[in-house]
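> Below: one structure in structure tokens.
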Amino acid sequence: MFILVNLKAYPCDPVAVARAARDVADAHGVRIAVAPQAADLARVEATGVETWAQHVSPVEHGSHTGSTLAEAVEANGAEGTLINHSERRVTLAAVDDALAAARRTDLETIVCANDPEQAGAAAALSPDAVAVEPPALIGGDVSVATADPEIVEGAVAAVNAVDPDVELFCGAGVSTGDDVEAARDLGATGVLLASGVAKAADPRSALEDLVSGI
């Protein structure tokens, strides 16, 4: 199982979270990555943790003020990027262009989707993974794998029907080892989470709990 911790714009210490994630990953032999804000990518990467971007823009070098260029993300240490998170939605055409931008720099990609239908459409664009995250459950106390397991099962089936080489992750409400275990049992190969770690009083303890489900 892959665990990706999205720090969003929460008022946490990204370096402290990154160090905790690195230490837990090393201690348990688990793949854990941290996705900080773009301005913090280099600081987080310097800790040695696997580092991801929260977004890359569907653009090339040029007049694109305010964009997040894939080349800049890669130069600052990111190994992958989220695309189309529910809080950073783009059109399907823009998803395709963002994937092309990520491929220019060999960034691994996760395209987020709201439901199984969108997951299947995203898989047709050949990202490395699709993450199904029902927006209503994001930031909540109940994980999608518990609240609506049919969404995860449906997304697994939809993605496999389109391209079995694309992995299926799930997110929304994931915060415990039980949530990770439930996601795995439903066929997901990774989880996305944010507040469960970024807003935790003790991020390391939260991460230790998460990996207990693997």
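Following the order of the structure tokens, chains are lettered A, B, ..., residues in each are numbered from 1, and ligands are numbered from 1.
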Name all residues at most 12 Å from Gln118 in chain A (count only C-alpha atoms; drop same-chain ones fewer than 5 positions away) and give them as a list in words.

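In the requested format, the answer is Asn84, Ser86, Thr91, Leu92, Val95, Val111, Cys112, Ala113, Ala123, Ala124, Leu125, Val130, Ala131, Val132, Glu133, Pro134, Ile151, Gly154, Ala155, Val156, Ala158, Val159 and Val162 of chain A.
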
> Could you dump the residues just selected with N, CA, C and O atoms as an mmCIF file, in the first residue's frame?


data_model
loop_
_atom_site.group_PDB
_atom_site.id
_atom_site.type_symbol
_atom_site.label_atom_id
_atom_site.label_comp_id
_atom_site.auth_asym_id
_atom_site.auth_seq_id
_atom_site.Cartn_x
_atom_site.Cartn_y
_atom_site.Cartn_z
ATOM 1 N N ASN A 84 -6.092 17.128 -10.671
ATOM 2 C CA ASN A 84 -7.556 17.139 -10.601
ATOM 3 C C ASN A 84 -8.098 16.802 -9.217
ATOM 4 O O ASN A 84 -9.167 16.198 -9.086
ATOM 5 N N SER A 86 -10.160 17.317 -5.896
ATOM 6 C CA SER A 86 -11.493 17.924 -5.819
ATOM 7 C C SER A 86 -11.442 19.397 -5.433
ATOM 8 O O SER A 86 -12.378 20.153 -5.703
ATOM 9 N N THR A 91 -10.614 20.679 -16.282
ATOM 10 C CA THR A 91 -11.388 19.958 -17.289
ATOM 11 C C THR A 91 -10.671 18.674 -17.689
ATOM 12 O O THR A 91 -9.472 18.501 -17.427
ATOM 13 N N LEU A 92 -11.394 17.766 -18.343
ATOM 14 C CA LEU A 92 -10.779 16.519 -18.781
ATOM 15 C C LEU A 92 -9.644 16.795 -19.762
ATOM 16 O O LEU A 92 -8.600 16.135 -19.720
ATOM 17 N N VAL A 95 -6.727 17.801 -17.751
ATOM 18 C CA VAL A 95 -6.115 16.627 -17.120
ATOM 19 C C VAL A 95 -5.150 15.973 -18.099
ATOM 20 O O VAL A 95 -4.010 15.627 -17.739
ATOM 21 N N VAL A 111 -4.418 10.808 -10.818
ATOM 22 C CA VAL A 111 -5.551 11.641 -11.208
ATOM 23 C C VAL A 111 -6.704 11.346 -10.244
ATOM 24 O O VAL A 111 -7.078 10.185 -10.058
ATOM 25 N N CYS A 112 -7.241 12.380 -9.637
ATOM 26 C CA CYS A 112 -8.336 12.209 -8.688
ATOM 27 C C CYS A 112 -9.682 12.218 -9.411
ATOM 28 O O CYS A 112 -9.865 12.899 -10.421
ATOM 29 N N ALA A 113 -10.628 11.443 -8.868
ATOM 30 C CA ALA A 113 -11.959 11.318 -9.452
ATOM 31 C C ALA A 113 -12.985 11.261 -8.339
ATOM 32 O O ALA A 113 -12.701 10.777 -7.240
ATOM 33 N N ALA A 123 -8.825 6.783 -16.065
ATOM 34 C CA ALA A 123 -7.940 5.668 -16.406
ATOM 35 C C ALA A 123 -7.662 5.610 -17.900
ATOM 36 O O ALA A 123 -6.585 5.171 -18.326
ATOM 37 N N ALA A 124 -8.622 6.065 -18.707
ATOM 38 C CA ALA A 124 -8.445 6.054 -20.163
ATOM 39 C C ALA A 124 -7.323 6.979 -20.619
ATOM 40 O O ALA A 124 -6.818 6.842 -21.738
ATOM 41 N N LEU A 125 -6.914 7.907 -19.740
ATOM 42 C CA LEU A 125 -5.828 8.835 -20.071
ATOM 43 C C LEU A 125 -4.466 8.289 -19.655
ATOM 44 O O LEU A 125 -3.453 8.950 -19.837
ATOM 45 N N VAL A 130 -5.275 6.229 -10.365
ATOM 46 C CA VAL A 130 -6.477 7.042 -10.182
ATOM 47 C C VAL A 130 -6.869 6.925 -8.716
ATOM 48 O O VAL A 130 -6.821 5.835 -8.142
ATOM 49 N N ALA A 131 -7.242 8.047 -8.111
ATOM 50 C CA ALA A 131 -7.691 8.045 -6.713
ATOM 51 C C ALA A 131 -9.145 8.475 -6.664
ATOM 52 O O ALA A 131 -9.480 9.585 -7.092
ATOM 53 N N VAL A 132 -10.017 7.610 -6.163
ATOM 54 C CA VAL A 132 -11.427 7.969 -6.033
ATOM 55 C C VAL A 132 -11.640 8.600 -4.663
ATOM 56 O O VAL A 132 -11.271 8.034 -3.628
ATOM 57 N N GLU A 133 -12.210 9.806 -4.677
ATOM 58 C CA GLU A 133 -12.416 10.578 -3.446
ATOM 59 C C GLU A 133 -13.758 11.302 -3.520
ATOM 60 O O GLU A 133 -13.837 12.382 -4.105
ATOM 61 N N PRO A 134 -14.819 10.753 -2.939
ATOM 62 C CA PRO A 134 -16.097 11.470 -2.922
ATOM 63 C C PRO A 134 -15.963 12.778 -2.152
ATOM 64 O O PRO A 134 -15.593 12.761 -0.971
ATOM 65 N N ILE A 151 -18.335 2.470 -3.627
ATOM 66 C CA ILE A 151 -17.627 3.427 -4.478
ATOM 67 C C ILE A 151 -16.229 2.920 -4.782
ATOM 68 O O ILE A 151 -15.759 2.985 -5.926
ATOM 69 N N GLY A 154 -16.529 -0.184 -7.016
ATOM 70 C CA GLY A 154 -16.926 0.227 -8.355
ATOM 71 C C GLY A 154 -15.795 0.891 -9.109
ATOM 72 O O GLY A 154 -15.621 0.682 -10.315
ATOM 73 N N ALA A 155 -15.010 1.691 -8.399
ATOM 74 C CA ALA A 155 -13.878 2.360 -9.042
ATOM 75 C C ALA A 155 -12.800 1.360 -9.440
ATOM 76 O O ALA A 155 -12.200 1.468 -10.519
ATOM 77 N N VAL A 156 -12.549 0.376 -8.583
ATOM 78 C CA VAL A 156 -11.589 -0.686 -8.925
ATOM 79 C C VAL A 156 -12.031 -1.391 -10.203
ATOM 80 O O VAL A 156 -11.229 -1.595 -11.132
ATOM 81 N N ALA A 158 -14.104 -0.266 -12.531
ATOM 82 C CA ALA A 158 -14.107 0.648 -13.671
ATOM 83 C C ALA A 158 -12.709 0.855 -14.235
ATOM 84 O O ALA A 158 -12.499 0.857 -15.459
ATOM 85 N N VAL A 159 -11.746 1.023 -13.346
ATOM 86 C CA VAL A 159 -10.368 1.238 -13.787
ATOM 87 C C VAL A 159 -9.802 -0.029 -14.424
ATOM 88 O O VAL A 159 -9.176 0.022 -15.495
ATOM 89 N N VAL A 162 -10.878 -0.556 -17.959
ATOM 90 C CA VAL A 162 -10.286 0.346 -18.951
ATOM 91 C C VAL A 162 -8.810 0.044 -19.161
ATOM 92 O O VAL A 162 -8.327 -0.075 -20.286
#

> Write down as a PDB file with N, CA and C atoms, in the first residue's frame the residues of range 2-143 of chain A whose backbone DSSP state falls under alpha helix (DSSP H).


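Once everything was written out, this is result.pdb:
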ATOM      1  N   PRO A  14       5.571  21.645   7.547  1.00  0.00           N
ATOM      2  CA  PRO A  14       5.755  20.631   6.525  1.00  0.00           C
ATOM      3  C   PRO A  14       7.030  19.817   6.697  1.00  0.00           C
ATOM      4  N   VAL A  15       8.076  20.437   7.227  1.00  0.00           N
ATOM      5  CA  VAL A  15       9.338  19.724   7.431  1.00  0.00           C
ATOM      6  C   VAL A  15       9.201  18.704   8.551  1.00  0.00           C
ATOM      7  N   ALA A  16       8.515  19.073   9.627  1.00  0.00           N
ATOM      8  CA  ALA A  16       8.315  18.143  10.734  1.00  0.00           C
ATOM      9  C   ALA A  16       7.477  16.945  10.293  1.00  0.00           C
ATOM     10  N   VAL A  17       6.425  17.192   9.519  1.00  0.00           N
ATOM     11  CA  VAL A  17       5.601  16.094   9.015  1.00  0.00           C
ATOM     12  C   VAL A  17       6.424  15.217   8.080  1.00  0.00           C
ATOM     13  N   ALA A  18       7.226  15.849   7.240  1.00  0.00           N
ATOM     14  CA  ALA A  18       8.056  15.087   6.295  1.00  0.00           C
ATOM     15  C   ALA A  18       9.046  14.195   7.027  1.00  0.00           C
ATOM     16  N   ARG A  19       9.657  14.722   8.073  1.00  0.00           N
ATOM     17  CA  ARG A  19      10.613  13.905   8.843  1.00  0.00           C
ATOM     18  C   ARG A  19       9.916  12.722   9.512  1.00  0.00           C
ATOM     19  N   ALA A  20       8.730  12.964  10.045  1.00  0.00           N
ATOM     20  CA  ALA A  20       7.968  11.879  10.667  1.00  0.00           C
ATOM     21  C   ALA A  20       7.610  10.824   9.632  1.00  0.00           C
ATOM     22  N   ALA A  21       7.173  11.259   8.454  1.00  0.00           N
ATOM     23  CA  ALA A  21       6.813  10.319   7.391  1.00  0.00           C
ATOM     24  C   ALA A  21       8.026   9.525   6.932  1.00  0.00           C
ATOM     25  N   ARG A  22       9.151  10.204   6.796  1.00  0.00           N
ATOM     26  CA  ARG A  22      10.396   9.507   6.413  1.00  0.00           C
ATOM     27  C   ARG A  22      10.766   8.443   7.437  1.00  0.00           C
ATOM     28  N   ASP A  23      10.711   8.806   8.698  1.00  0.00           N
ATOM     29  CA  ASP A  23      11.120   7.870   9.745  1.00  0.00           C
ATOM     30  C   ASP A  23      10.190   6.661   9.827  1.00  0.00           C
ATOM     31  N   VAL A  24       8.894   6.893   9.717  1.00  0.00           N
ATOM     32  CA  VAL A  24       7.930   5.786   9.777  1.00  0.00           C
ATOM     33  C   VAL A  24       8.072   4.896   8.549  1.00  0.00           C
ATOM     34  N   ALA A  25       8.263   5.505   7.389  1.00  0.00           N
ATOM     35  CA  ALA A  25       8.453   4.728   6.164  1.00  0.00           C
ATOM     36  C   ALA A  25       9.685   3.841   6.271  1.00  0.00           C
ATOM     37  N   ASP A  26      10.768   4.407   6.759  1.00  0.00           N
ATOM     38  CA  ASP A  26      12.017   3.638   6.897  1.00  0.00           C
ATOM     39  C   ASP A  26      11.877   2.526   7.939  1.00  0.00           C
ATOM     40  N   ALA A  27      11.216   2.832   9.042  1.00  0.00           N
ATOM     41  CA  ALA A  27      11.107   1.861  10.133  1.00  0.00           C
ATOM     42  C   ALA A  27      10.239   0.668   9.754  1.00  0.00           C
ATOM     43  N   HIS A  28       9.244   0.901   8.913  1.00  0.00           N
ATOM     44  CA  HIS A  28       8.286  -0.162   8.598  1.00  0.00           C
ATOM     45  C   HIS A  28       8.399  -0.685   7.162  1.00  0.00           C
ATOM     46  N   LEU A  41       8.282  22.546  -1.522  1.00  0.00           N
ATOM     47  CA  LEU A  41       8.748  21.294  -2.116  1.00  0.00           C
ATOM     48  C   LEU A  41      10.216  21.015  -1.801  1.00  0.00           C
ATOM     49  N   ALA A  42      11.075  21.989  -2.015  1.00  0.00           N
ATOM     50  CA  ALA A  42      12.508  21.752  -1.820  1.00  0.00           C
ATOM     51  C   ALA A  42      12.834  21.456  -0.364  1.00  0.00           C
ATOM     52  N   ARG A  43      12.189  22.158   0.573  1.00  0.00           N
ATOM     53  CA  ARG A  43      12.449  21.916   1.997  1.00  0.00           C
ATOM     54  C   ARG A  43      11.997  20.520   2.410  1.00  0.00           C
ATOM     55  N   VAL A  44      10.867  20.096   1.898  1.00  0.00           N
ATOM     56  CA  VAL A  44      10.368  18.762   2.228  1.00  0.00           C
ATOM     57  C   VAL A  44      11.246  17.695   1.593  1.00  0.00           C
ATOM     58  N   GLU A  45      11.632  17.885   0.344  1.00  0.00           N
ATOM     59  CA  GLU A  45      12.488  16.913  -0.340  1.00  0.00           C
ATOM     60  C   GLU A  45      13.817  16.753   0.377  1.00  0.00           C
ATOM     61  N   ALA A  70       5.609  21.897 -14.486  1.00  0.00           N
ATOM     62  CA  ALA A  70       6.104  20.563 -14.146  1.00  0.00           C
ATOM     63  C   ALA A  70       7.622  20.551 -14.005  1.00  0.00           C
ATOM     64  N   GLU A  71       8.304  21.267 -14.841  1.00  0.00           N
ATOM     65  CA  GLU A  71       9.769  21.301 -14.778  1.00  0.00           C
ATOM     66  C   GLU A  71      10.257  21.913 -13.464  1.00  0.00           C
ATOM     67  N   ALA A  72       9.535  22.927 -12.965  1.00  0.00           N
ATOM     68  CA  ALA A  72       9.916  23.543 -11.694  1.00  0.00           C
ATOM     69  C   ALA A  72       9.647  22.601 -10.532  1.00  0.00           C
ATOM     70  N   VAL A  73       8.555  21.885 -10.610  1.00  0.00           N
ATOM     71  CA  VAL A  73       8.217  20.906  -9.579  1.00  0.00           C
ATOM     72  C   VAL A  73       9.292  19.827  -9.508  1.00  0.00           C
ATOM     73  N   GLU A  74       9.672  19.316 -10.659  1.00  0.00           N
ATOM     74  CA  GLU A  74      10.698  18.264 -10.709  1.00  0.00           C
ATOM     75  C   GLU A  74      12.041  18.793 -10.230  1.00  0.00           C
ATOM     76  N   ALA A  75      12.385  20.026 -10.600  1.00  0.00           N
ATOM     77  CA  ALA A  75      13.670  20.607 -10.207  1.00  0.00           C
ATOM     78  C   ALA A  75      13.764  20.806  -8.696  1.00  0.00           C
ATOM     79  N   LEU A  92     -11.394  17.766 -18.343  1.00  0.00           N
ATOM     80  CA  LEU A  92     -10.779  16.519 -18.781  1.00  0.00           C
ATOM     81  C   LEU A  92      -9.644  16.795 -19.762  1.00  0.00           C
ATOM     82  N   ALA A  93      -9.829  17.792 -20.615  1.00  0.00           N
ATOM     83  CA  ALA A  93      -8.763  18.159 -21.554  1.00  0.00           C
ATOM     84  C   ALA A  93      -7.537  18.663 -20.801  1.00  0.00           C
ATOM     85  N   ALA A  94      -7.768  19.431 -19.738  1.00  0.00           N
ATOM     86  CA  ALA A  94      -6.649  19.941 -18.939  1.00  0.00           C
ATOM     87  C   ALA A  94      -5.963  18.817 -18.179  1.00  0.00           C
ATOM     88  N   VAL A  95      -6.727  17.801 -17.751  1.00  0.00           N
ATOM     89  CA  VAL A  95      -6.115  16.627 -17.120  1.00  0.00           C
ATOM     90  C   VAL A  95      -5.150  15.973 -18.099  1.00  0.00           C
ATOM     91  N   ASP A  96      -5.587  15.807 -19.332  1.00  0.00           N
ATOM     92  CA  ASP A  96      -4.739  15.193 -20.357  1.00  0.00           C
ATOM     93  C   ASP A  96      -3.476  16.016 -20.578  1.00  0.00           C
ATOM     94  N   ASP A  97      -3.623  17.348 -20.629  1.00  0.00           N
ATOM     95  CA  ASP A  97      -2.459  18.216 -20.837  1.00  0.00           C
ATOM     96  C   ASP A  97      -1.542  18.216 -19.613  1.00  0.00           C
ATOM     97  N   ALA A  98      -2.113  18.140 -18.426  1.00  0.00           N
ATOM     98  CA  ALA A  98      -1.292  18.077 -17.215  1.00  0.00           C
ATOM     99  C   ALA A  98      -0.524  16.760 -17.165  1.00  0.00           C
ATOM    100  N   LEU A  99      -1.150  15.673 -17.601  1.00  0.00           N
ATOM    101  CA  LEU A  99      -0.441  14.398 -17.674  1.00  0.00           C
ATOM    102  C   LEU A  99       0.722  14.481 -18.651  1.00  0.00           C
ATOM    103  N   ALA A 100       0.501  15.152 -19.777  1.00  0.00           N
ATOM    104  CA  ALA A 100       1.585  15.328 -20.746  1.00  0.00           C
ATOM    105  C   ALA A 100       2.719  16.137 -20.137  1.00  0.00           C
ATOM    106  N   ALA A 101       2.375  17.169 -19.357  1.00  0.00           N
ATOM    107  CA  ALA A 101       3.390  17.982 -18.697  1.00  0.00           C
ATOM    108  C   ALA A 101       4.183  17.137 -17.702  1.00  0.00           C
ATOM    109  N   ALA A 102       3.486  16.296 -16.944  1.00  0.00           N
ATOM    110  CA  ALA A 102       4.163  15.441 -15.971  1.00  0.00           C
ATOM    111  C   ALA A 102       5.079  14.438 -16.663  1.00  0.00           C
ATOM    112  N   ARG A 103       4.631  13.915 -17.783  1.00  0.00           N
ATOM    113  CA  ARG A 103       5.452  12.926 -18.497  1.00  0.00           C
ATOM    114  C   ARG A 103       6.725  13.556 -19.060  1.00  0.00           C
ATOM    115  N   ARG A 104       6.683  14.848 -19.370  1.00  0.00           N
ATOM    116  CA  ARG A 104       7.895  15.517 -19.870  1.00  0.00           C
ATOM    117  C   ARG A 104       9.016  15.431 -18.855  1.00  0.00           C
ATOM    118  N   PRO A 116     -16.877   6.220  -9.501  1.00  0.00           N
ATOM    119  CA  PRO A 116     -16.377   5.193 -10.425  1.00  0.00           C
ATOM    120  C   PRO A 116     -16.416   5.599 -11.890  1.00  0.00           C
ATOM    121  N   GLU A 117     -17.461   6.316 -12.300  1.00  0.00           N
ATOM    122  CA  GLU A 117     -17.543   6.732 -13.703  1.00  0.00           C
ATOM    123  C   GLU A 117     -16.375   7.643 -14.067  1.00  0.00           C
ATOM    124  N   GLN A 118     -16.111   8.623 -13.214  1.00  0.00           N
ATOM    125  CA  GLN A 118     -14.975   9.514 -13.472  1.00  0.00           C
ATOM    126  C   GLN A 118     -13.654   8.760 -13.386  1.00  0.00           C
ATOM    127  N   ALA A 119     -13.583   7.778 -12.491  1.00  0.00           N
ATOM    128  CA  ALA A 119     -12.359   6.983 -12.358  1.00  0.00           C
ATOM    129  C   ALA A 119     -12.058   6.247 -13.658  1.00  0.00           C
ATOM    130  N   GLY A 120     -13.079   5.678 -14.266  1.00  0.00           N
ATOM    131  CA  GLY A 120     -12.879   4.993 -15.534  1.00  0.00           C
ATOM    132  C   GLY A 120     -12.439   5.946 -16.629  1.00  0.00           C
ATOM    133  N   ALA A 121     -13.035   7.147 -16.669  1.00  0.00           N
ATOM    134  CA  ALA A 121     -12.641   8.143 -17.668  1.00  0.00           C
ATOM    135  C   ALA A 121     -11.194   8.583 -17.462  1.00  0.00           C
ATOM    136  N   ALA A 122     -10.804   8.739 -16.210  1.00  0.00           N
ATOM    137  CA  ALA A 122      -9.424   9.132 -15.908  1.00  0.00           C
ATOM    138  C   ALA A 122      -8.450   8.035 -16.304  1.00  0.00           C
ATOM    139  N   ALA A 123      -8.825   6.783 -16.065  1.00  0.00           N
ATOM    140  CA  ALA A 123      -7.940   5.668 -16.406  1.00  0.00           C
ATOM    141  C   ALA A 123      -7.662   5.610 -17.900  1.00  0.00           C
TER     142      ALA A 123
END

> Calculate how many Å separate CA of Ile214 in chain A from CA of Asp13 in chain A, rounding to one decimal.

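Separation between CA of Ile214 in chain A and CA of Asp13 in chain A: 26.0 Å.
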
> In Å, rounded to a single decimal, give me how far CA of Phe169 in chain A is from CA of Gly187 in chain A.

8.6 Å

> Can you pull out every residue from range 66-191 of chain A that DSSP, working from the backbone, puts in strand (DSSP E or B), and format the result as a list in words?

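Checking each residue of range 66-191 of chain A, the strand (DSSP E or B) ones are Gly80, Thr81, Leu82, Ile83, Glu108, Thr109, Ile110, Val111, Cys112, Ala113, Ala129, Val130, Ala131, Val132, Glu167, Leu168, Phe169, Cys170, Gly171, Gly190 and Val191 of chain A.
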
> Next, the residues of the selection above should be written as a compact mmCIF listing (two decimals), in the first residue's frame with C-alpha atoms.


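New file again_24.txt:
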# COMPACT_ATOMS: atom_id res chain seq x y z
CA GLY A 80 5.10 12.76 -8.63
CA THR A 81 2.03 14.96 -8.69
CA LEU A 82 -1.66 14.94 -7.99
CA ILE A 83 -3.90 16.09 -10.81
CA GLU A 108 4.52 9.87 -11.44
CA THR A 109 0.84 10.81 -11.63
CA ILE A 110 -2.35 10.31 -9.65
CA VAL A 111 -5.55 11.64 -11.21
CA CYS A 112 -8.34 12.21 -8.69
CA ALA A 113 -11.96 11.32 -9.45
CA ALA A 129 -2.96 5.77 -10.70
CA VAL A 130 -6.48 7.04 -10.18
CA ALA A 131 -7.69 8.04 -6.71
CA VAL A 132 -11.43 7.97 -6.03
CA GLU A 167 -3.56 1.50 -9.98
CA LEU A 168 -6.61 2.48 -7.92
CA PHE A 169 -6.19 4.47 -4.72
CA CYS A 170 -8.89 5.89 -2.49
CA GLY A 171 -9.21 8.86 -0.20
CA GLY A 190 -2.96 3.09 -1.97
CA VAL A 191 -4.65 5.82 0.07

> Have a look at A:Ser212, A:Thr51, A:Asn160, A:Ser195 and name the one nearest to Asp178 in chain A; count only C-alpha atoms.

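Ranking A:Ser212, A:Thr51, A:Asn160, A:Ser195 by distance to Asp178 in chain A, first place goes to A:Ser212.
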
> Grab the CA of Gly177 in chain A to CA of Asp165 in chain A distance for me, in Å with one decimal place.

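Those two atoms sit 26.0 Å apart.
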
> Would you mind listing what lies within 8 Å of Ser67 in chain A as an MDAnalysis selection string, with only C-alpha atoms counted and same-chain residues fewer than 2 positions away left out?

chainID A and resid 56:57 59 64:65 69

> Go through A:His55, A:Arg31, A:Arg204, A:His85 and flag the residue nearest Phe2 in chain A, using only C-alpha atoms for the distances.

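The shortest atom-to-atom distance to Phe2 in chain A comes from A:Arg31.
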
> Measuring atom to atom with only C-alpha atoms, identify which of A:Ala200, A:Val166, A:Gly62, A:Asp185 is nearest to Gly213 in chain A.

A:Asp185

> My list of candidates is A:Asp115, A:Glu79, A:Asp202, A:Asp209. Which is closest to Ala33 in chain A when distances are computed with only C-alpha atoms?

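The closest residue to Ala33 in chain A is A:Glu79.
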
> Which is closest to Val5 in chain A among A:Glu50, A:Glu153, A:Glu60, A:Asp128, if we use only C-alpha atoms?

A:Glu50
